[in-house]
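Only one structure is covered here, and it is reproduced in the block below.
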There are 2 protein chains.
Amino acid sequence: MHTSLVAALDIGGTKIAGALVDGDGTLLHRAQRPTPATEGAERVMDAVDGVLGELAASPLWPGVRAVGIGSAGPVDRSAGTVSPVNVPGWRGFPLVARVAESAGGLPVELVGDGVAITAAEHWRGAARGFDNALCMVVSTGVGGGLVLDGQLHAGPTGNAGHIGHISVDLDGDLCPCGARGCVERIASGPNIARRALEGGWRPGPDGDTTAAAVAAAARAGDPVATASFERAAQALAAGIAATATLVEIDIAVVGGGVAGAGEVLFAPLRRALGDYATLSFVRRLRVAPARTGTDAGLVGAAAAALLGRRPEPTTA
Amino acid sequence: MHTSLVAALDIGGTKIAGALVDGDGTLLHRAQRPTPATEGAERVMDAVDGVLGELAASPLWPGVRAVGIGSAGPVDRSAGTVSPVNVPGWRGFPLVARVAESAGGLPVELVGDGVAITAAEHWRGAARGFDNALCMVVSTGVGGGLVLDGQLHAGPTGNAGHIGHISVDLDGDLCPCGARGCVERIASGPNIARRALEGGWRPGPDGDTTAAAVAAAARAGDPVATASFERAAQALAAGIAATATLVEIDIAVVGGGVAGAGEVLFAPLRRALGDYATLSFVRRLRVAPARTGTDAGLVGAAAAALLGRRPEPTTA
């Protein structure tokens, strides 16, 4: 018997993934549908219900105690609603109530996707054992979440740790969010590629202009590609140092596709942290790659559901 | 009888202030000595002992349950040590143990001065009733502290909320802390005055070149003085928005001498917040002037001592 079995949903602009997850973070049963991102609210909810229906068909389903949702943001945990930037049909959509209804009245916990990934890294990944941590995803966008005093700090609306949209260059380029010089505007994969192309870097015969191709060029010694990663690392370092200076963290865990560049990103990131994390209480801050991989969203949503059910009864 | 009487110490580079404070935040007995900031560790401690001795001479002293210390930083709450930038003789000085010894073994709670002021504003000032708040002092330096989920968030070392040393201009001017473009490097009083002078502003016949004189010139319509305050407001707004984006705060309380400029600072600050606090969950953030005044450090040190003694016994 699984005494802590939960259902997890990971809702993004491309796919809706689901799983039954046990108290060790093991995924026992999976389901997935594409997100009909450009369609109306009910069609998107139909896809969620399709995933939930597949999970409910599992013989394990009667043991499920709660549902955890990690969703592309912004979310509003207190209202139980989501408004994912990449799913225009959902604006203030009452996802918590709708999932509770579809799941037979089970308790539902909602957090943003950055918070979910943080829950996963704290439970099963590189932030395990750290009481104060920032976990980040550097990919098409830049997201994150916080662990403070040993607890996931989701914030009242479930969006805390949104490091991609803090400004580290107050006179810098306009960001789609409306501010200037946000970490994401400098350090996301598309911005790394854009800056390399603007600097004169050209892709190989395969025409690949992703950040991964820029990373490969940097590894081969291309100075423009290297400089674009160094600039991204500088912005990430300023953002990480700001976070450490504000809330005292011991580790910054960096995952996502851009982190897959490895030392092309991490070497200049560690150097730049030396420039920005200067006060005595932030100097010992360390940086580590994420460990939970592509299932992080599901594992984290499960962790949020398990955390949301505290206090646990201590009797058998 | 005062059931929650504590002794409070406010330790700065200029003076060491002390008071007995009751459970309502009322200062019942005061003492003060100049800080012999350039002398050795024991001479500075003698001044602290002088203040404690005056407090201990009060007939109220036998009712004191704890000592709260708010000190110029950096502090290390977990080690019980302080290393104030402006008191070079104290580097890793074991202030908590020494005060406990001088105070007859009473429990001692240590926090940084920004955290102390935040405790005061949350207990008795403009942040009262808010579960998530940033409180700042904008003066010779820029300091701050955080309230998260209704609790003072001092951080493991007691330095959390150090907003003055987050970078909002990663390529900006070198800050004495070693980083670039810190909020303090742009928004502190001396930097407001420096920028006005560099822009061609000249003081009146009294030769006053403080930020207060620049504020008076701005109020009289001087465009260079106005622009210097607007730049400070922009940096403060970027830092406040970053904090809200990272930890979800509902209010930013701004005190200190520079905040005394009133609308010369607050009007452009509110405008600039509209530029940087763009995500849905930070847009409703409000800004307010601090209310606790010059006793904030003592009131906050007392609050920290009272908080540090939880859980309170509920029996009479």
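Each chain of the structure tokens is named A, B, ... in the order shown, its residues numbered from 1; ligands are numbered from 1 in display order.
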
Check which residues of chain A sit at most 9 Å from chain B using only C-alpha atoms, and return one row each with the closest pair of atoms and their distance in Å to one decimal, ordered by chain and rising number, as CSV.
residue,atom,partner,partner_atom,distance
A:Pro74,CA,B:Ser280,CA,7.2
A:Val75,CA,B:Phe281,CA,8.6
A:Asp76,CA,B:Phe281,CA,7.9
A:Asn132,CA,B:Pro156,CA,8.7
A:Gly144,CA,B:Leu246,CA,8.8
A:Gly145,CA,B:Leu246,CA,8.1
A:Leu146,CA,B:Val247,CA,8.3
A:Leu148,CA,B:Gly155,CA,8.4
A:Asp149,CA,B:Gly155,CA,7.9
A:His153,CA,B:Val247,CA,7.8
A:Ala154,CA,B:Val247,CA,8.1
A:Gly155,CA,B:Glu248,CA,5.7
A:Pro156,CA,B:Glu248,CA,7.1
A:Thr157,CA,B:Phe281,CA,7.0
A:Gly158,CA,B:Glu248,CA,8.9
A:Asn159,CA,B:Phe281,CA,7.5
A:Ala160,CA,B:Val247,CA,4.9
A:Gly161,CA,B:Leu246,CA,4.3
A:His162,CA,B:Leu246,CA,5.4
A:Ile163,CA,B:Leu246,CA,6.1
A:His165,CA,B:Thr245,CA,7.1
A:Ile166,CA,B:Ala242,CA,4.6
A:Ser167,CA,B:Val168,CA,6.1
A:Val168,CA,B:Val168,CA,4.3
A:Asp169,CA,B:Asp169,CA,4.4
A:Leu170,CA,B:Asp169,CA,5.7
A:Asp171,CA,B:Asp169,CA,7.6
A:Gly172,CA,B:Asp169,CA,8.6
A:Cys177,CA,B:Thr278,CA,6.3
A:Gly178,CA,B:Thr278,CA,6.1
A:Ala179,CA,B:Tyr276,CA,4.8
A:Arg180,CA,B:Tyr276,CA,7.2
A:Gly181,CA,B:Asp169,CA,8.7
A:Gln234,CA,B:Leu170,CA,7.9
A:Ala235,CA,B:Leu170,CA,7.3
A:Ala238,CA,B:Ser167,CA,6.3
A:Gly239,CA,B:Ser167,CA,8.0
A:Ala241,CA,B:Ile166,CA,7.1
A:Ala242,CA,B:Ile166,CA,4.6
A:Thr243,CA,B:Leu246,CA,7.3
A:Ala244,CA,B:Ala160,CA,8.3
A:Thr245,CA,B:His162,CA,5.6
A:Leu246,CA,B:Gly161,CA,4.3
A:Val247,CA,B:Ala160,CA,4.9
A:Glu248,CA,B:Gly155,CA,5.8
A:Ile249,CA,B:Gly155,CA,8.6
A:Gly274,CA,B:Ala179,CA,8.8
A:Asp275,CA,B:Ala179,CA,5.6
A:Tyr276,CA,B:Ala179,CA,4.8
A:Ala277,CA,B:Ala179,CA,7.4
A:Thr278,CA,B:Gly178,CA,6.1
A:Leu279,CA,B:Cys177,CA,6.8
A:Ser280,CA,B:Pro74,CA,7.2
A:Phe281,CA,B:Thr157,CA,7.0

**Q.** Near-Phe266 in chain B list (12 Å; only C-alpha atoms; drop same-chain fewer than 4 positions) as a ChimeraX atom specification
**A.** /B:215,229-230,232-234,236-237,252-255,258-262,270-273,286-290

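The residue that comes closest to Gln32 in chain B, out of B:Gly12, B:Gly200, B:Gly129, B:Gly80 and on the basis of only C-alpha atoms, is B:Gly12.
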
(Q) I need the residue nearest Leu152 in chain A from this list: A:Ile69, A:Leu174, A:Ala116, A:Ala193. Use only C-alpha atoms for the distance. (A) A:Ala116

(Q) Excluding Val299 in chain B and its own-chain neighbours fewer than 5 positions away, which residues fall within 10 Å of it when counting only C-alpha atoms? Please give them as an MDAnalysis selection string. (A) chainID B and resid 7:10 19:22 24:27 68 70 116:121 123:124 292:294 304:305

Keeping N, CA and C atoms, export the residues of the selection given above as an mmCIF file, in the first residue's frame.
data_model
loop_
_atom_site.group_PDB
_atom_site.id
_atom_site.type_symbol
_atom_site.label_atom_id
_atom_site.label_comp_id
_atom_site.auth_asym_id
_atom_site.auth_seq_id
_atom_site.Cartn_x
_atom_site.Cartn_y
_atom_site.Cartn_z
ATOM 1 N N ALA B 7 15.128 44.399 27.375
ATOM 2 C CA ALA B 7 16.121 45.447 27.147
ATOM 3 C C ALA B 7 16.487 45.441 25.669
ATOM 4 N N ALA B 8 16.620 46.633 25.096
ATOM 5 C CA ALA B 8 16.951 46.746 23.674
ATOM 6 C C ALA B 8 18.240 47.535 23.519
ATOM 7 N N LEU B 9 19.090 47.086 22.581
ATOM 8 C CA LEU B 9 20.320 47.811 22.241
ATOM 9 C C LEU B 9 20.314 48.093 20.744
ATOM 10 N N ASP B 10 20.641 49.336 20.383
ATOM 11 C CA ASP B 10 20.742 49.734 18.971
ATOM 12 C C ASP B 10 22.182 50.201 18.769
ATOM 13 N N ALA B 19 17.464 50.842 25.789
ATOM 14 C CA ALA B 19 16.199 51.182 26.438
ATOM 15 C C ALA B 19 15.597 49.928 27.043
ATOM 16 N N LEU B 20 14.765 50.154 28.074
ATOM 17 C CA LEU B 20 13.865 49.094 28.529
ATOM 18 C C LEU B 20 12.540 49.321 27.807
ATOM 19 N N VAL B 21 11.993 48.274 27.243
ATOM 20 C CA VAL B 21 10.821 48.402 26.369
ATOM 21 C C VAL B 21 9.756 47.413 26.830
ATOM 22 N N ASP B 22 8.519 47.896 26.942
ATOM 23 C CA ASP B 22 7.465 46.988 27.391
ATOM 24 C C ASP B 22 6.784 46.300 26.199
ATOM 25 N N ASP B 24 4.139 46.725 24.766
ATOM 26 C CA ASP B 24 3.434 47.589 23.821
ATOM 27 C C ASP B 24 4.392 48.391 22.948
ATOM 28 N N GLY B 25 5.703 48.211 23.144
ATOM 29 C CA GLY B 25 6.672 48.968 22.363
ATOM 30 C C GLY B 25 6.976 50.338 22.949
ATOM 31 N N THR B 26 6.573 50.564 24.200
ATOM 32 C CA THR B 26 6.863 51.848 24.850
ATOM 33 C C THR B 26 8.251 51.813 25.486
ATOM 34 N N LEU B 27 9.039 52.880 25.237
ATOM 35 C CA LEU B 27 10.385 52.975 25.817
ATOM 36 C C LEU B 27 10.264 53.556 27.220
ATOM 37 N N GLY B 68 17.387 42.323 23.341
ATOM 38 C CA GLY B 68 17.382 42.329 21.876
ATOM 39 C C GLY B 68 18.431 43.305 21.380
ATOM 40 N N GLY B 70 19.927 45.174 17.892
ATOM 41 C CA GLY B 70 19.966 45.481 16.466
ATOM 42 C C GLY B 70 21.299 46.151 16.217
ATOM 43 N N ALA B 116 16.005 44.925 12.282
ATOM 44 C CA ALA B 116 15.417 45.547 13.477
ATOM 45 C C ALA B 116 14.373 46.592 13.094
ATOM 46 N N ILE B 117 14.728 47.430 12.131
ATOM 47 C CA ILE B 117 13.784 48.479 11.713
ATOM 48 C C ILE B 117 12.533 47.868 11.101
ATOM 49 N N THR B 118 12.712 46.747 10.399
ATOM 50 C CA THR B 118 11.564 46.037 9.830
ATOM 51 C C THR B 118 10.667 45.490 10.931
ATOM 52 N N ALA B 119 11.282 44.938 11.966
ATOM 53 C CA ALA B 119 10.500 44.444 13.104
ATOM 54 C C ALA B 119 9.680 45.573 13.718
ATOM 55 N N ALA B 120 10.297 46.761 13.815
ATOM 56 C CA ALA B 120 9.603 47.917 14.392
ATOM 57 C C ALA B 120 8.430 48.352 13.515
ATOM 58 N N GLU B 121 8.648 48.438 12.205
ATOM 59 C CA GLU B 121 7.576 48.887 11.304
ATOM 60 C C GLU B 121 6.436 47.867 11.232
ATOM 61 N N TRP B 123 5.642 45.844 13.747
ATOM 62 C CA TRP B 123 4.999 45.805 15.067
ATOM 63 C C TRP B 123 4.159 47.067 15.316
ATOM 64 N N ARG B 124 4.753 48.231 14.985
ATOM 65 C CA ARG B 124 4.153 49.503 15.402
ATOM 66 C C ARG B 124 4.034 50.522 14.276
ATOM 67 N N THR B 292 7.990 54.773 12.272
ATOM 68 C CA THR B 292 8.511 54.595 13.634
ATOM 69 C C THR B 292 9.617 55.574 14.024
ATOM 70 N N GLY B 293 10.166 56.315 13.074
ATOM 71 C CA GLY B 293 11.083 57.395 13.421
ATOM 72 C C GLY B 293 12.398 56.954 14.028
ATOM 73 N N THR B 294 13.016 57.861 14.799
ATOM 74 C CA THR B 294 14.391 57.640 15.248
ATOM 75 C C THR B 294 14.525 56.535 16.288
ATOM 76 N N ALA B 304 12.472 42.008 18.234
ATOM 77 C CA ALA B 304 13.238 40.796 17.946
ATOM 78 C C ALA B 304 13.410 39.957 19.209
ATOM 79 N N ALA B 305 13.647 40.628 20.337
ATOM 80 C CA ALA B 305 13.794 39.897 21.597
ATOM 81 C C ALA B 305 12.483 39.218 21.986
#

Q: Mind listing the alpha helix (DSSP H) residues of range 79-160 of chain A, per DSSP on the backbone, as an NGL selection string?
A: :A and (95-102 or 113-124)

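Picture a line from CA of Arg202 in chain A to CA of Ala218 in chain A; it runs 12.0 Å.
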
Q: From range 4-207 of chain B, collect each residue whose DSSP state is strand (DSSP E) and return the set as number ranges by chain.
A: B: 6-11, 15-21, 27-34, 67-71, 75-76, 81-82, 108-112, 133-138, 142-148, 151-153

Only C-alpha atoms, please: the residues just picked out, written as a PDB file, in the first residue's frame.
ATOM      1  CA  VAL B   6      12.907  43.486  27.491  1.00  0.00           C
ATOM      2  CA  ALA B   7      16.121  45.447  27.147  1.00  0.00           C
ATOM      3  CA  ALA B   8      16.951  46.746  23.674  1.00  0.00           C
ATOM      4  CA  LEU B   9      20.320  47.811  22.241  1.00  0.00           C
ATOM      5  CA  ASP B  10      20.742  49.734  18.971  1.00  0.00           C
ATOM      6  CA  ILE B  11      24.408  49.630  17.955  1.00  0.00           C
ATOM      7  CA  LYS B  15      26.138  55.837  19.042  1.00  0.00           C
ATOM      8  CA  ILE B  16      25.080  52.925  21.181  1.00  0.00           C
ATOM      9  CA  ALA B  17      21.520  53.417  22.396  1.00  0.00           C
ATOM     10  CA  GLY B  18      19.661  51.311  24.927  1.00  0.00           C
ATOM     11  CA  ALA B  19      16.199  51.182  26.438  1.00  0.00           C
ATOM     12  CA  LEU B  20      13.865  49.094  28.529  1.00  0.00           C
ATOM     13  CA  VAL B  21      10.821  48.402  26.369  1.00  0.00           C
ATOM     14  CA  LEU B  27      10.385  52.975  25.817  1.00  0.00           C
ATOM     15  CA  LEU B  28      10.440  53.173  29.632  1.00  0.00           C
ATOM     16  CA  HIS B  29      14.079  53.980  30.425  1.00  0.00           C
ATOM     17  CA  ARG B  30      16.861  55.100  28.086  1.00  0.00           C
ATOM     18  CA  ALA B  31      20.638  55.226  28.043  1.00  0.00           C
ATOM     19  CA  GLN B  32      23.151  56.234  25.381  1.00  0.00           C
ATOM     20  CA  ARG B  33      26.924  56.441  24.764  1.00  0.00           C
ATOM     21  CA  PRO B  34      28.953  57.534  21.761  1.00  0.00           C
ATOM     22  CA  VAL B  67      17.906  41.437  25.550  1.00  0.00           C
ATOM     23  CA  GLY B  68      17.382  42.329  21.876  1.00  0.00           C
ATOM     24  CA  ILE B  69      20.251  43.761  19.826  1.00  0.00           C
ATOM     25  CA  GLY B  70      19.966  45.481  16.466  1.00  0.00           C
ATOM     26  CA  SER B  71      23.457  46.104  15.134  1.00  0.00           C
ATOM     27  CA  VAL B  75      26.080  40.419  11.757  1.00  0.00           C
ATOM     28  CA  ASP B  76      26.141  36.659  12.166  1.00  0.00           C
ATOM     29  CA  THR B  81      29.022  37.761  16.266  1.00  0.00           C
ATOM     30  CA  VAL B  82      29.097  41.211  14.666  1.00  0.00           C
ATOM     31  CA  VAL B 108      19.989  37.544  23.873  1.00  0.00           C
ATOM     32  CA  GLU B 109      18.587  37.931  20.343  1.00  0.00           C
ATOM     33  CA  LEU B 110      20.767  39.543  17.650  1.00  0.00           C
ATOM     34  CA  VAL B 111      19.611  40.912  14.267  1.00  0.00           C
ATOM     35  CA  GLY B 112      21.008  43.347  11.710  1.00  0.00           C
ATOM     36  CA  ALA B 133       6.466  43.409   3.549  1.00  0.00           C
ATOM     37  CA  LEU B 134       9.795  44.984   2.683  1.00  0.00           C
ATOM     38  CA  CYS B 135      10.944  47.780   5.003  1.00  0.00           C
ATOM     39  CA  MET B 136      13.835  50.009   3.952  1.00  0.00           C
ATOM     40  CA  VAL B 137      16.015  52.762   5.294  1.00  0.00           C
ATOM     41  CA  VAL B 138      17.369  55.168   2.674  1.00  0.00           C
ATOM     42  CA  VAL B 142      20.392  51.759   2.020  1.00  0.00           C
ATOM     43  CA  GLY B 143      19.284  48.888   4.261  1.00  0.00           C
ATOM     44  CA  GLY B 144      16.216  46.782   4.689  1.00  0.00           C
ATOM     45  CA  GLY B 145      14.447  43.732   6.023  1.00  0.00           C
ATOM     46  CA  LEU B 146      11.596  41.378   5.177  1.00  0.00           C
ATOM     47  CA  VAL B 147       8.393  40.106   6.717  1.00  0.00           C
ATOM     48  CA  LEU B 148       7.249  36.870   5.012  1.00  0.00           C
ATOM     49  CA  GLN B 151       6.992  36.533  10.368  1.00  0.00           C
ATOM     50  CA  LEU B 152      10.177  38.557  10.463  1.00  0.00           C
ATOM     51  CA  HIS B 153      12.539  36.838   7.985  1.00  0.00           C
TER      52      HIS B 153
END

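Between CA of Cys175 in chain B and CA of Ala227 in chain A the separation is 24.2 Å.
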
Q: Determine the nearest neighbour of Arg77 in chain A from the options A:Ala47, A:Gly308, A:Val224, A:Phe130, counting only C-alpha atoms.
A: A:Gly308

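Counting from CA of Arg194 in chain B, the distance to CA of Ala72 in chain B is 24.0 Å.
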
Q: Using only C-alpha atoms, determine which residues lie at most 10 Å from Gly40 in chain A, disregarding the query and same-chain residues fewer than 2 positions distant; provide the list as number ranges by chain.
A: A: 36-38, 42-45, 87-90
